[in-house]
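Source file entry-v3.tsv; content: TSV, C-alpha atoms.
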chain	number	residue	atom	x	y	z
S	730	SER	CA	-109.40	192.35	166.91
S	731	ALA	CA	-110.53	188.87	168.01
S	732	TYR	CA	-113.35	190.47	169.98
S	733	LEU	CA	-114.50	192.51	166.97
S	734	LEU	CA	-114.29	189.43	164.77
S	735	GLY	CA	-116.45	187.51	167.21
S	736	SER	CA	-118.88	190.44	167.31
S	737	ILE	CA	-119.86	190.03	163.64
S	738	PRO	CA	-123.58	189.15	164.02
S	739	PHE	CA	-124.08	186.63	161.23
S	740	ALA	CA	-127.33	185.34	162.76
S	741	TYR	CA	-128.78	188.83	163.06
S	742	LEU	CA	-127.81	189.79	159.51
S	743	VAL	CA	-129.04	186.58	157.88
S	744	ALA	CA	-132.37	186.77	159.74
S	745	ARG	CA	-132.78	190.42	158.81
S	746	LEU	CA	-132.44	189.54	155.12
S	747	LYS	CA	-135.66	187.55	155.55
S	748	GLY	CA	-137.31	190.33	157.53
S	749	VAL	CA	-137.00	188.55	160.90
S	750	ASP	CA	-135.74	190.12	164.12
S	751	ILE	CA	-133.74	187.26	165.63
S	752	PHE	CA	-133.89	188.90	169.07
S	753	ALA	CA	-137.71	188.62	169.02
S	754	THR	CA	-137.86	185.07	167.68
S	755	GLY	CA	-137.57	181.65	169.32
S	756	SER	CA	-134.92	181.73	172.04
S	757	ARG	CA	-134.29	185.43	171.26
S	758	ARG	CA	-130.60	184.70	170.71
S	759	ALA	CA	-128.46	185.55	167.71
S	760	GLY	CA	-127.17	182.05	167.08
S	761	ALA	CA	-127.12	179.39	164.40
S	762	ALA	CA	-129.60	177.14	166.26
S	763	ASN	CA	-132.21	179.88	166.58
S	764	VAL	CA	-131.90	180.76	162.89
S	765	PHE	CA	-131.99	177.06	161.91
S	766	TRP	CA	-135.21	176.30	163.82
S	767	HIS	CA	-137.11	179.57	163.41
S	768	VAL	CA	-135.88	181.28	160.23
S	769	GLY	CA	-134.76	178.55	157.83
S	770	ARG	CA	-132.58	175.44	157.60
S	771	TYR	CA	-130.39	176.79	154.80
S	772	ARG	CA	-129.90	180.11	156.54
S	773	GLY	CA	-129.10	178.32	159.78
S	774	MET	CA	-126.32	176.38	158.08
S	775	LEU	CA	-124.92	179.62	156.65
S	776	VAL	CA	-124.82	181.14	160.13
S	777	PHE	CA	-123.20	177.97	161.48
S	778	ALA	CA	-120.43	178.21	158.88
S	779	GLY	CA	-119.90	181.92	159.55
S	780	ASP	CA	-119.64	181.46	163.32
S	781	VAL	CA	-117.21	178.54	162.94
S	782	ILE	CA	-115.04	180.62	160.62
S	783	LYS	CA	-114.85	183.63	162.93
S	784	GLY	CA	-113.85	181.47	165.90
S	785	SER	CA	-111.23	179.60	163.90
S	786	VAL	CA	-109.81	182.71	162.22
S	787	ALA	CA	-109.48	184.53	165.56
S	788	VAL	CA	-107.26	181.73	166.94
S	789	THR	CA	-105.30	181.27	163.70
S	790	MET	CA	-104.45	184.96	163.52
S	791	ALA	CA	-103.15	184.87	167.09
S	792	GLN	CA	-101.08	181.75	166.33
S	793	MET	CA	-99.52	183.46	163.30
S	794	LEU	CA	-98.15	186.14	165.62
S	795	GLY	CA	-96.18	183.49	167.50
S	796	GLY	CA	-95.92	183.06	171.23
S	797	PRO	CA	-97.37	180.44	173.60
S	798	GLU	CA	-100.60	178.53	173.04
S	799	LEU	CA	-102.19	180.68	175.74
S	800	ILE	CA	-102.31	183.61	173.28
S	801	GLY	CA	-104.40	181.61	170.84
S	802	MET	CA	-106.67	180.43	173.63
S	803	LEU	CA	-107.19	184.01	174.83
S	804	ALA	CA	-108.05	185.03	171.28
S	805	GLY	CA	-110.69	182.30	171.27
S	806	VAL	CA	-112.08	183.61	174.56
S	807	ALA	CA	-112.24	187.12	173.09
S	808	ALA	CA	-114.09	185.86	170.00
S	809	ILE	CA	-116.67	184.08	172.15
S	810	ALA	CA	-117.06	187.17	174.35
S	811	GLY	CA	-117.67	189.22	171.20
S	812	HIS	CA	-120.35	186.77	170.14
S	813	TRP	CA	-121.99	187.00	173.56
S	814	LYS	CA	-121.93	190.81	173.66
S	815	SER	CA	-121.67	192.14	170.12
S	816	VAL	CA	-120.89	195.85	169.76
S	817	PHE	CA	-122.92	195.82	166.54
S	818	THR	CA	-126.20	194.72	168.14
S	819	GLY	CA	-126.29	196.70	171.36
S	820	PHE	CA	-124.22	194.13	173.27
S	821	ARG	CA	-126.66	191.32	172.57
S	822	GLY	CA	-125.67	188.04	170.97
S	823	GLY	CA	-125.81	184.26	171.01
S	824	ASP	CA	-124.65	181.45	173.28
S	825	GLY	CA	-121.19	181.05	171.69
S	826	MET	CA	-121.47	177.30	171.14
S	827	VAL	CA	-120.66	177.38	167.42
S	828	VAL	CA	-117.85	179.89	167.90
S	829	LEU	CA	-116.38	177.41	170.39
S	830	VAL	CA	-116.51	174.80	167.63
S	831	GLY	CA	-114.49	177.16	165.44
S	832	VAL	CA	-111.92	177.73	168.19
S	833	SER	CA	-111.57	173.97	168.67
S	834	PHE	CA	-111.26	173.44	164.92
S	835	ALA	CA	-108.23	175.75	164.86
S	836	TYR	CA	-106.46	173.37	167.27
S	837	LEU	CA	-107.83	169.98	166.28
S	838	GLY	CA	-108.42	170.33	162.55
S	839	TRP	CA	-110.67	167.81	160.83
S	840	TYR	CA	-110.66	165.54	163.90
S	841	MET	CA	-113.17	168.00	165.29
S	842	LEU	CA	-115.73	166.66	162.81
S	843	VAL	CA	-116.25	163.57	164.96
S	844	GLY	CA	-117.29	165.67	167.93
S	845	CYS	CA	-119.40	167.91	165.66
S	846	ALA	CA	-121.30	164.92	164.30
S	847	VAL	CA	-122.12	163.67	167.81
S	848	GLY	CA	-123.03	167.17	168.98
S	849	PHE	CA	-125.30	167.85	166.01
S	850	ALA	CA	-127.06	164.51	166.43
S	851	SER	CA	-127.60	165.33	170.12
S	852	VAL	CA	-129.12	168.71	169.24
S	853	LEU	CA	-131.59	166.99	166.91
S	854	VAL	CA	-132.54	164.44	169.56
S	855	PHE	CA	-133.02	167.12	172.25
S	856	ARG	CA	-134.38	169.78	169.87
S	857	ARG	CA	-137.40	170.48	172.11
S	858	SER	CA	-135.19	171.27	175.09
S	859	ALA	CA	-134.08	174.81	175.90
S	860	PHE	CA	-130.65	173.36	176.69
S	861	ARG	CA	-130.17	171.43	173.44
S	862	SER	CA	-127.01	173.39	172.57
S	863	SER	CA	-125.48	172.68	175.97
S	864	VAL	CA	-126.23	168.97	175.64
S	865	GLY	CA	-124.73	168.96	172.15
S	866	ILE	CA	-121.51	170.65	173.26
S	867	PHE	CA	-121.19	168.40	176.33
S	868	LEU	CA	-121.58	165.17	174.40
S	869	GLY	CA	-119.59	166.44	171.42
S	870	PHE	CA	-116.64	167.46	173.57
S	871	GLY	CA	-116.82	164.23	175.54
S	872	THR	CA	-116.50	162.29	172.31
S	873	MET	CA	-113.71	164.56	171.13
S	874	LEU	CA	-111.76	164.03	174.36
S	875	ALA	CA	-112.03	160.26	174.06
S	876	PHE	CA	-111.07	160.35	170.39
S	877	ASN	CA	-108.04	162.58	170.89
S	878	THR	CA	-106.76	160.47	173.77
S	879	VAL	CA	-105.87	157.92	171.13
S	880	ARG	CA	-104.51	160.61	168.84
S	881	GLY	CA	-102.17	161.87	171.56
S	882	ILE	CA	-102.80	165.60	171.29
S	883	ASP	CA	-101.19	168.00	173.77
S	884	TRP	CA	-103.21	167.70	176.97
S	885	SER	CA	-102.67	171.36	177.86
S	886	VAL	CA	-104.63	172.26	174.73
S	887	MET	CA	-107.36	169.74	175.52
S	888	LEU	CA	-107.66	170.99	179.10
S	889	GLY	CA	-107.83	174.59	177.87
S	890	LEU	CA	-110.58	173.76	175.37
S	891	THR	CA	-112.47	171.74	177.97
S	892	ALA	CA	-112.31	174.59	180.48
S	893	LEU	CA	-113.52	176.99	177.80
S	894	ALA	CA	-116.36	174.61	176.93
S	895	MET	CA	-117.42	174.46	180.59
S	896	VAL	CA	-117.51	178.27	180.73
S	897	VAL	CA	-119.64	178.44	177.59
S	898	ILE	CA	-122.03	175.75	178.84
S	899	THR	CA	-122.37	177.46	182.23
S	900	HIS	CA	-123.07	180.78	180.55
S	901	ASN	CA	-125.67	179.12	178.33
S	902	VAL	CA	-127.45	177.41	181.23
S	903	LEU	CA	-127.53	180.54	183.39
S	904	THR	CA	-128.78	182.84	180.64
S	905	ASN	CA	-131.20	180.25	179.28
S	906	ALA	CA	-133.01	180.10	182.60
S	907	ASP	CA	-134.79	183.32	181.64
S	908	HIS	CA	-136.27	181.65	178.56
S	909	VAL	CA	-137.60	178.43	180.13
S	910	PRO	CA	-141.43	178.61	180.44
S	911	THR	CA	-142.81	178.37	183.97
S	912	ALA	CA	-146.29	178.28	185.47
S	913	GLU	CA	-146.03	182.00	186.15
S	914	THR	CA	-144.54	182.85	182.77
S	915	THR	CA	-146.83	181.83	179.96
S	916	MET	CA	-146.24	184.65	177.52
S	917	GLN	CA	-143.18	184.82	175.25
S	918	ILE	CA	-142.43	187.19	172.41
S	919	GLY	CA	-143.91	185.87	169.21
S	920	GLU	CA	-145.99	183.09	170.77
S	921	LEU	CA	-148.53	182.42	173.52
S	922	LEU	CA	-147.99	179.43	175.76
S	923	ILE	CA	-151.02	178.18	177.75
S	924	GLU	CA	-150.61	175.80	180.64
S	925	ASP	CA	-153.09	172.90	180.58
S	926	THR	CA	-154.32	173.22	184.16
S	927	PRO	CA	-157.61	171.59	185.30
S	928	ALA	CA	-159.22	175.04	185.60
S	929	ILE	CA	-158.34	175.97	182.03
S	930	LEU	CA	-159.45	172.59	180.68
S	931	SER	CA	-162.75	172.91	182.56
S	932	GLU	CA	-163.32	176.40	181.18
S	933	ALA	CA	-162.53	175.21	177.67
S	934	ALA	CA	-165.05	172.37	178.03
S	935	ARG	CA	-167.72	174.80	179.29
S	936	LEU	CA	-167.17	177.17	176.37
S	937	SER	CA	-167.33	174.26	173.95
S	938	GLU	CA	-170.67	173.11	175.42
S	939	GLU	CA	-172.07	176.63	175.16
S	940	ALA	CA	-170.96	176.86	171.54
S	941	ILE	CA	-172.63	173.52	170.77
S	942	LEU	CA	-175.90	174.59	172.47
S	943	ARG	CA	-175.93	177.90	170.57
S	944	SER	CA	-175.39	176.05	167.32
S	945	ARG	CA	-178.27	173.65	168.11
S	946	ASN	CA	-180.58	176.54	169.00
S	947	GLU	CA	-179.75	178.35	165.76
S	948	ASN	CA	-180.42	175.20	163.77
S	949	ARG	CA	-183.73	174.66	165.57
S	950	LYS	CA	-184.83	178.25	164.89
S	951	TRP	CA	-183.89	177.91	161.25
S	952	ALA	CA	-185.86	174.64	160.98
S	953	ASP	CA	-188.91	176.24	162.64
S	954	ARG	CA	-188.81	179.20	160.25
S	955	ARG	CA	-188.53	176.93	157.26
S	956	GLU	CA	-191.44	174.80	158.48
S	957	GLU	CA	-193.52	177.92	159.12
S	958	GLY	CA	-192.78	179.08	155.60
S	959	ARG	CA	-193.99	175.79	154.17
S	960	HIS	CA	-197.27	175.99	156.12
S	961	LYS	CA	-197.92	179.51	154.82
S	962	GLN	CA	-197.19	178.39	151.28
S	963	ASN	CA	-199.58	175.45	151.58
S	964	ALA	CA	-202.26	177.68	153.06
S	965	THR	CA	-202.19	179.95	150.03

Rewrite the coordinates I just gave you, this time as structure tokens.
Amino acid sequence: SAYLLGSIPFAYLVARLKGVDIFATGSRRAGAANVFWHVGRYRGMLVFAGDVIKGSVAVTMAQMLGGPELIGMLAGVAAIAGHWKSVFTGFRGGDGMVVLVGVSFAYLGWYMLVGCAVGFASVLVFRRSAFRSSVGIFLGFGTMLAFNTVRGIDWSVMLGLTALAMVVITHNVLTNADHVPTAETTMQIGELLIEDTPAILSEAARLSEEAILRSRNENRKWADRREEGRHKQNAT
């Protein structure tokens, strides 16, 4: 059930309501960040809330059944796996970062807001990077670890969440490598990326010069015709 809960594709559904295929936009991932940057800020925040809720609810439901903390942690893992490979979108999904926030919220409560604030600020600072989500989670969890050292939370929980965060970050980095533009890869779905090499710049300059010369020639021809017309008019 935790896997199915994590499989709910909020990003895909919200983007579809605006007529956007999230798997053909931006990073081509069904996540809150992709919706936020390429579909709409308000819609991105809705997806963020939905992904946090499904991660938190998955852990809370497992905790209500009783048993060791490991059961809740495994439910969180299942929710993230469902987000990665959703059965509702042909086993495509997002990076699982926000679902991880929801899983952590189930254990840490409102103390998680401190880490979220740092993580969100980091995403804004590194918004042009393909790994902005990974940077946000890394710095957010680092802050959370330092903060909860003072709070005195169970270290087995903190170690479990940290290990889960490392898995999510590793997954994000490895899968994101396919979306980082290279010299050989200049075409992406929905946009054309052109590398500013000397050859391309030289060709662009040559085309610009040709366009300027054609424009001058056209202007000269037009001026000659107008002058010729004046001479004929004076002659009559």

Shortest contact to Val902 of chain S, candidates S:Leu803, S:Ile737, S:Ile751, S:Val864, atoms counted all atoms listed in the file, goes to S:Val864

Restricting to all atoms listed in the file, whichever of S:Val832, S:Val806, S:Ala753, S:Leu799 is closest to Val781 of chain S is S:Val832

For this session: Find the residue from S:Phe777, S:Val816, S:Asn905, S:Gly848 that sits nearest to Gly755 of chain S; use only C-alpha atoms when measuring.
Result: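 Nearest candidate to Gly755 of chain S out of S:Phe777, S:Val816, S:Asn905, S:Gly848: S:Asn905.
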
Near-Lys747 of chain S list (10 Å; all atoms listed in the file; drop same-chain fewer than 2 positions) as JSON, numbers by chain: {"S": [742, 743, 744, 745, 749, 750, 768, 769, 772]}

Per-residue nearest contacts segment 771-842 of chain S to segment 884-892 of chain S, cut-off 9 Å, using all atoms listed in the file, as a Markdown table:
| residue | atom | partner | partner_atom | distance |
| --- | --- | --- | --- | --- |
| S:Glu798 | CA | S:Val886 | CA | 7.6 |
| S:Leu799 | CA | S:Gly889 | CA | 8.6 |
| S:Met802 | CA | S:Gly889 | CA | 7.3 |
| S:Leu829 | CA | S:Leu890 | CA | 8.5 |
| S:Val832 | CA | S:Leu890 | CA | 8.3 |
| S:Ser833 | CA | S:Leu890 | CA | 6.8 |
| S:Tyr836 | CA | S:Val886 | CA | 7.8 |

Q | Nearest to Gly869 of chain S, chosen from S:Val896, S:Gly805, S:Met841, S:Arg945, with all atoms listed in the file counted in the distances | A |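 Residue with the minimum atom-to-atom distance to Gly869 of chain S: S:Met841.
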
* Could you please determine the separation between atom CA of Ala761 of chain S and atom CA of Met895 of chain S in Å, to one decimal place? =>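 According to the coordinates, atom CA of Ala761 of chain S and atom CA of Met895 of chain S are separated by 19.5 Å.
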
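Taking atom CA of Leu734 of chain S as the reference point, atom CA of Gly811 of chain S is found at 7.3 Å.
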
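Residue nearest Gly779 of chain S, chosen from S:Phe867, S:Phe739, S:Phe817, S:Trp766 and counting all atoms listed in the file: S:Phe739.
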
Between S:Ile809, S:Val827, S:Ala835, S:Val843, smallest distance to Asn877 of chain S by only C-alpha atoms belongs to S:Val843

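Atom pair atom CA of Ser736 of chain S / atom CA of Thr818 of chain S has a distance of 8.5 Å (rounded to one decimal).
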
Could you add whatever atoms are missing so that segment 894-908 of chain S carries N, CA and C atoms, then write the result as a tab-separated table (two decimals), in the coordinates of the input?
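Result file rebuild-v8.tsv:
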chain	number	residue	atom	x	y	z
S	894	ALA	N	-115.05	175.20	177.18
S	894	ALA	CA	-116.36	174.61	176.93
S	894	ALA	C	-117.24	174.67	178.18
S	895	MET	N	-116.66	174.41	179.35
S	895	MET	CA	-117.42	174.46	180.59
S	895	MET	C	-117.92	175.88	180.87
S	896	VAL	N	-117.10	176.87	180.54
S	896	VAL	CA	-117.51	178.27	180.73
S	896	VAL	C	-118.68	178.60	179.81
S	897	VAL	N	-118.58	178.17	178.56
S	897	VAL	CA	-119.64	178.44	177.59
S	897	VAL	C	-120.94	177.74	177.99
S	898	ILE	N	-120.84	176.49	178.41
S	898	ILE	CA	-122.03	175.75	178.84
S	898	ILE	C	-122.68	176.41	180.06
S	899	THR	N	-121.85	176.79	181.03
S	899	THR	CA	-122.37	177.46	182.23
S	899	THR	C	-123.08	178.75	181.87
S	900	HIS	N	-122.46	179.53	181.01
S	900	HIS	CA	-123.07	180.78	180.55
S	900	HIS	C	-124.41	180.51	179.86
S	901	ASN	N	-124.45	179.46	179.05
S	901	ASN	CA	-125.67	179.12	178.33
S	901	ASN	C	-126.78	178.71	179.28
S	902	VAL	N	-126.45	177.88	180.28
S	902	VAL	CA	-127.45	177.41	181.23
S	902	VAL	C	-127.99	178.57	182.06
S	903	LEU	N	-127.11	179.43	182.53
S	903	LEU	CA	-127.53	180.54	183.39
S	903	LEU	C	-128.39	181.55	182.64
S	904	THR	N	-128.01	181.86	181.40
S	904	THR	CA	-128.78	182.84	180.64
S	904	THR	C	-130.03	182.23	180.05
S	905	ASN	N	-130.03	180.92	179.85
S	905	ASN	CA	-131.20	180.25	179.28
S	905	ASN	C	-132.32	180.11	180.28
S	906	ALA	N	-131.99	180.24	181.57
S	906	ALA	CA	-133.01	180.10	182.60
S	906	ALA	C	-134.12	181.12	182.44
S	907	ASP	N	-133.79	182.28	181.84
S	907	ASP	CA	-134.79	183.32	181.64
S	907	ASP	C	-135.78	182.97	180.55
S	908	HIS	N	-135.42	181.97	179.70
S	908	HIS	CA	-136.27	181.65	178.56
S	908	HIS	C	-137.04	180.35	178.74
